[in-house]
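Enquirer: Dropping in upload_9.csv, with CSV, N, CA and C atoms.
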```csv
chain,number,residue,atom,x,y,z
A,1136,MET,N,17.7,107.2,198.4
A,1136,MET,CA,16.4,107.6,198.6
A,1136,MET,C,16.1,107.7,200.1
A,1137,PRO,N,15.4,108.7,200.5
A,1137,PRO,CA,15.0,108.9,201.9
A,1137,PRO,C,14.0,107.8,202.3
A,1138,HIS,N,14.2,107.4,203.6
A,1138,HIS,CA,13.3,106.4,204.1
A,1138,HIS,C,12.1,107.0,204.8
A,1139,LEU,N,12.3,108.2,205.3
A,1139,LEU,CA,11.2,108.8,206.1
A,1139,LEU,C,10.4,109.8,205.2
A,1140,LYS,N,9.2,110.0,205.5
A,1140,LYS,CA,8.3,110.9,204.8
A,1140,LYS,C,8.9,112.4,204.9
A,1141,SER,N,9.3,112.7,206.1
A,1141,SER,CA,9.8,114.1,206.3
A,1141,SER,C,11.1,114.3,205.6
A,1142,ALA,N,11.9,113.3,205.5
A,1142,ALA,CA,13.2,113.4,204.7
A,1142,ALA,C,12.9,113.6,203.2
A,1143,ALA,N,11.9,112.9,202.7
A,1143,ALA,CA,11.6,113.1,201.3
A,1143,ALA,C,11.1,114.5,201.1
A,1144,LYS,N,10.3,115.0,202.0
A,1144,LYS,CA,9.8,116.4,201.8
A,1144,LYS,C,11.0,117.4,201.9
A,1145,ARG,N,11.9,117.2,202.8
A,1145,ARG,CA,13.1,118.1,202.9
A,1145,ARG,C,13.9,118.0,201.6
A,1146,LEU,N,14.0,116.8,201.0
A,1146,LEU,CA,14.7,116.7,199.7
A,1146,LEU,C,14.0,117.5,198.6
A,1147,ARG,N,12.7,117.4,198.5
A,1147,ARG,CA,12.0,118.1,197.5
A,1147,ARG,C,12.2,119.6,197.7
A,1148,GLN,N,12.1,120.1,199.0
A,1148,GLN,CA,12.2,121.5,199.3
A,1148,GLN,C,13.6,122.0,198.9
A,1149,SER,N,14.7,121.2,199.3
A,1149,SER,CA,16.0,121.7,199.0
A,1149,SER,C,16.3,121.7,197.5
A,1150,ARG,N,15.7,120.8,196.7
A,1150,ARG,CA,15.9,120.8,195.3
A,1150,ARG,C,15.2,122.1,194.7
A,1151,LYS,N,14.0,122.3,195.2
A,1151,LYS,CA,13.3,123.5,194.7
A,1151,LYS,C,14.0,124.8,195.0
A,1152,ARG,N,14.5,124.9,196.2
A,1152,ARG,CA,15.3,126.1,196.6
A,1152,ARG,C,16.6,126.2,195.9
A,1153,LYS,N,17.2,125.1,195.6
A,1153,LYS,CA,18.5,125.2,194.9
A,1153,LYS,C,18.3,125.7,193.5
A,1154,ILE,N,17.2,125.3,192.8
A,1154,ILE,CA,16.9,125.8,191.5
A,1154,ILE,C,16.6,127.3,191.5
A,1155,GLU,N,15.8,127.8,192.5
A,1155,GLU,CA,15.4,129.2,192.6
A,1155,GLU,C,16.7,130.0,192.9
A,1156,ASN,N,17.5,129.5,193.8
A,1156,ASN,CA,18.7,130.3,194.2
A,1156,ASN,C,19.7,130.4,193.0
A,1157,LYS,N,19.8,129.3,192.2
A,1157,LYS,CA,20.6,129.4,191.0
A,1157,LYS,C,20.1,130.4,190.0
A,1158,LYS,N,18.8,130.5,189.9
A,1158,LYS,CA,18.2,131.5,188.9
A,1158,LYS,C,18.7,132.9,189.4
A,1159,ILE,N,18.6,133.2,190.7
A,1159,ILE,CA,18.9,134.5,191.2
A,1159,ILE,C,20.4,134.8,191.0
A,1160,LYS,N,21.2,133.8,191.3
A,1160,LYS,CA,22.7,134.0,191.1
A,1160,LYS,C,23.0,134.3,189.7
A,1161,ASN,N,22.4,133.5,188.8
A,1161,ASN,CA,22.7,133.7,187.3
A,1161,ASN,C,22.2,135.1,186.9
A,1162,GLN,N,21.1,135.6,187.4
A,1162,GLN,CA,20.5,136.9,187.1
A,1162,GLN,C,21.5,138.0,187.5
A,1163,ILE,N,22.1,137.8,188.7
A,1163,ILE,CA,23.0,138.8,189.2
A,1163,ILE,C,24.3,138.8,188.3
A,1164,GLU,N,24.7,137.6,188.0
A,1164,GLU,CA,25.9,137.5,187.1
A,1164,GLU,C,25.7,138.2,185.8
A,1165,ARG,N,24.5,138.0,185.2
A,1165,ARG,CA,24.2,138.7,183.9
A,1165,ARG,C,24.2,140.2,184.1
A,1166,LEU,N,23.6,140.7,185.2
A,1166,LEU,CA,23.6,142.1,185.4
A,1166,LEU,C,25.0,142.7,185.6
A,1167,VAL,N,25.8,141.9,186.3
A,1167,VAL,CA,27.2,142.4,186.5
A,1167,VAL,C,28.0,142.5,185.1
A,1168,LYS,N,27.8,141.4,184.3
A,1168,LYS,CA,28.4,141.4,183.0
A,1168,LYS,C,27.9,142.6,182.1
A,1169,LYS,N,26.6,142.9,182.2
A,1169,LYS,CA,26.1,143.9,181.3
A,1169,LYS,C,26.3,145.3,181.9
A,1170,ALA,N,26.8,145.5,183.1
A,1170,ALA,CA,27.0,146.8,183.7
A,1170,ALA,C,28.0,147.6,182.9
A,1171,GLN,N,27.6,148.7,182.5
A,1171,GLN,CA,28.5,149.6,181.6
A,1171,GLN,C,29.1,150.8,182.4
A,1172,SER,N,28.2,151.4,183.2
A,1172,SER,CA,28.7,152.6,183.9
A,1172,SER,C,28.2,152.6,185.3
A,1173,ALA,N,28.7,153.7,186.0
A,1173,ALA,CA,28.3,153.8,187.4
A,1173,ALA,C,26.9,154.1,187.7
A,1174,LYS,N,26.1,154.5,186.7
A,1174,LYS,CA,24.7,154.8,186.9
A,1174,LYS,C,23.9,153.5,187.0
A,1175,ASN,N,24.5,152.3,186.7
A,1175,ASN,CA,23.9,151.0,186.8
A,1175,ASN,C,24.1,150.5,188.2
A,1176,LEU,N,24.9,151.1,189.0
A,1176,LEU,CA,25.2,150.6,190.4
A,1176,LEU,C,24.0,150.4,191.3
A,1177,PRO,N,23.1,151.4,191.3
A,1177,PRO,CA,21.9,151.2,192.2
A,1177,PRO,C,21.1,149.9,191.9
A,1178,THR,N,21.0,149.6,190.6
A,1178,THR,CA,20.2,148.4,190.2
A,1178,THR,C,20.9,147.2,190.7
A,1179,LEU,N,22.3,147.2,190.5
A,1179,LEU,CA,23.0,146.0,190.9
A,1179,LEU,C,23.0,145.8,192.4
A,1180,TYR,N,23.2,147.0,193.1
A,1180,TYR,CA,23.2,146.9,194.6
A,1180,TYR,C,21.9,146.4,195.1
A,1181,LYS,N,20.8,146.8,194.5
A,1181,LYS,CA,19.5,146.4,194.9
A,1181,LYS,C,19.3,144.8,194.7
A,1182,ALA,N,19.8,144.3,193.6
A,1182,ALA,CA,19.7,142.9,193.3
A,1182,ALA,C,20.5,142.1,194.3
A,1183,ILE,N,21.7,142.6,194.6
A,1183,ILE,CA,22.6,141.9,195.5
A,1183,ILE,C,22.0,141.9,196.9
A,1184,ASP,N,21.5,143.1,197.3
A,1184,ASP,CA,20.9,143.2,198.7
A,1184,ASP,C,19.7,142.3,198.8
A,1185,LYS,N,18.9,142.2,197.8
A,1185,LYS,CA,17.7,141.2,197.9
A,1185,LYS,C,18.2,139.8,198.0
A,1186,ALA,N,19.3,139.4,197.4
A,1186,ALA,CA,19.8,138.1,197.5
A,1186,ALA,C,20.3,137.9,198.9
A,1187,VAL,N,20.9,138.9,199.5
A,1187,VAL,CA,21.4,138.7,200.9
A,1187,VAL,C,20.2,138.6,201.8
A,1188,LYS,N,19.1,139.3,201.6
A,1188,LYS,CA,17.9,139.3,202.4
A,1188,LYS,C,17.3,137.9,202.4
A,1189,ARG,N,17.4,137.2,201.2
A,1189,ARG,CA,16.9,135.9,201.1
A,1189,ARG,C,17.9,134.8,201.4
A,1190,LYS,N,19.0,135.2,201.9
A,1190,LYS,CA,20.1,134.3,202.4
A,1190,LYS,C,20.7,133.5,201.3
A,1191,ILE,N,20.8,134.1,200.1
A,1191,ILE,CA,21.4,133.4,199.0
A,1191,ILE,C,22.9,133.7,199.0
A,1192,PHE,N,23.3,134.9,199.4
A,1192,PHE,CA,24.7,135.3,199.6
A,1192,PHE,C,24.9,135.7,201.0
A,1193,HIS,N,26.1,135.4,201.5
A,1193,HIS,CA,26.5,135.9,202.8
A,1193,HIS,C,26.7,137.4,202.7
A,1194,PRO,N,26.4,138.2,203.8
A,1194,PRO,CA,26.5,139.6,203.7
A,1194,PRO,C,28.0,140.1,203.4
A,1195,ASN,N,29.0,139.4,203.9
A,1195,ASN,CA,30.3,139.8,203.6
A,1195,ASN,C,30.7,139.6,202.1
A,1196,LYS,N,30.1,138.5,201.5
A,1196,LYS,CA,30.3,138.3,200.1
A,1196,LYS,C,29.7,139.4,199.3
A,1197,ALA,N,28.5,139.8,199.7
A,1197,ALA,CA,27.8,140.9,199.0
A,1197,ALA,C,28.6,142.2,199.1
A,1198,ALA,N,29.2,142.4,200.2
A,1198,ALA,CA,30.0,143.7,200.4
A,1198,ALA,C,31.2,143.6,199.5
A,1199,ARG,N,31.8,142.5,199.4
A,1199,ARG,CA,33.0,142.3,198.4
A,1199,ARG,C,32.5,142.6,197.0
A,1200,MET,N,31.4,142.0,196.6
A,1200,MET,CA,30.9,142.1,195.3
A,1200,MET,C,30.6,143.6,195.0
A,1201,LYS,N,29.9,144.3,195.9
A,1201,LYS,CA,29.6,145.7,195.7
A,1201,LYS,C,30.9,146.6,195.6
A,1202,GLN,N,31.8,146.3,196.4
A,1202,GLN,CA,33.1,147.0,196.4
A,1202,GLN,C,33.8,146.8,195.1
A,1203,ALA,N,33.9,145.6,194.6
A,1203,ALA,CA,34.5,145.3,193.3
A,1203,ALA,C,33.8,146.0,192.2
A,1204,LEU,N,32.5,146.0,192.2
A,1204,LEU,CA,31.7,146.6,191.2
A,1204,LEU,C,32.0,148.1,191.1
A,1205,ALA,N,32.0,148.7,192.3
A,1205,ALA,CA,32.2,150.2,192.4
A,1205,ALA,C,33.5,150.5,191.9
A,1206,ARG,N,34.6,149.7,192.2
A,1206,ARG,CA,35.9,150.0,191.7
A,1206,ARG,C,36.0,149.9,190.2
A,1207,LYS,N,35.4,148.8,189.7
A,1207,LYS,CA,35.4,148.6,188.3
A,1207,LYS,C,34.7,149.7,187.5
A,1208,LEU,N,33.5,150.0,187.9
A,1208,LEU,CA,32.7,151.0,187.2
A,1208,LEU,C,33.0,152.4,187.3
A,1209,THR,N,33.6,152.8,188.5
A,1209,THR,CA,33.9,154.2,188.7
A,1209,THR,C,35.3,154.5,188.2
A,1210,ALA,N,36.1,153.5,187.9
A,1210,ALA,CA,37.5,153.7,187.4
A,1210,ALA,C,37.5,154.1,186.0
A,1211,LYS,N,36.4,153.8,185.3
A,1211,LYS,CA,36.3,154.1,183.8
A,1211,LYS,C,36.3,155.5,183.5
```
Here is a file; write its structure as structure tokens.
Expert:
Amino acid sequence: MPHLKSAAKRLRQSRKRKIENKKIKNQIERLVKKAQSAKNLPTLYKAIDKAVKRKIFHPNKAARMKQALARKLTAK
């Protein structure tokens, strides 16, 4: 348990952010699994870019994800 009031607040904030970040990551995972064709790419890219903007993913990880998606969906 935190001893300081500010430490307790930081703990509450980090728990809340962790839950929200997990929701967004799970949403992106579901979108990736449901992706059937290349016409779904803009929607996926938009979701990934929003996550990068909110600092949920590192920009390089997002680039790797987008590249893998493009390869997977355009190869069909």
Enquirer: If we count only N, CA and C atoms and set the cut-off at 8 Å, which residues sit around Lys1207 of chain A, ignoring sequence neighbours fewer than 6 positions away in its own chain? Please answer as a list of chain:residue names.
Expert: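 What passes the distance filter is A:Gln1171, A:Ser1172, A:Ala1173, A:Lys1201.
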Enquirer: Rounded to one decimal place, report the atom CA of Arg1150 of chain A-atom CA of Met1136 of chain A distance in Å.
Expert: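 The value is 13.6 Å.
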Enquirer: Restricting the calculation to all atoms listed in the file: of A:Lys1140, A:Arg1199, A:Ile1183, A:Asn1175, which residue gets closest to Ile1163 of chain A?
Expert: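 The closest residue to Ile1163 of chain A is A:Ile1183.
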Enquirer: Assign secondary structure with DSSP using the backbone only, and return the residues of chain A in alpha helix (DSSP H) as a PyMOL selection string.
Expert: chain A and resi 1140-1169+1176-1188+1194-1209
Enquirer: In Å, with one decimal, what is the gap from atom N of Leu1208 of chain A to atom N of Leu1179 of chain A?
Expert: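 Here the two named atoms are 11.8 Å from each other.
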Enquirer: Can you work out the spacing between atom CA of Pro1177 of chain A and atom CA of Glu1155 of chain A in Å, to one decimal?
Expert: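 Separating atom CA of Pro1177 of chain A from atom CA of Glu1155 of chain A is a distance of 22.9 Å.
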Enquirer: Find the residue from A:Ala1203, A:Leu1146, A:Ile1191, A:Leu1139 that sits nearest to Lys1160 of chain A; use all atoms listed in the file when measuring.
Expert: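 Smallest separation from Lys1160 of chain A among the options: A:Ile1191.
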Enquirer: Between A:Thr1209, A:Ser1141, A:Gln1202, A:Gln1162, which is the closest to Ala1182 of chain A once you count all atoms listed in the file?
Expert: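 Nearest candidate to Ala1182 of chain A out of A:Thr1209, A:Ser1141, A:Gln1202, A:Gln1162: A:Gln1162.
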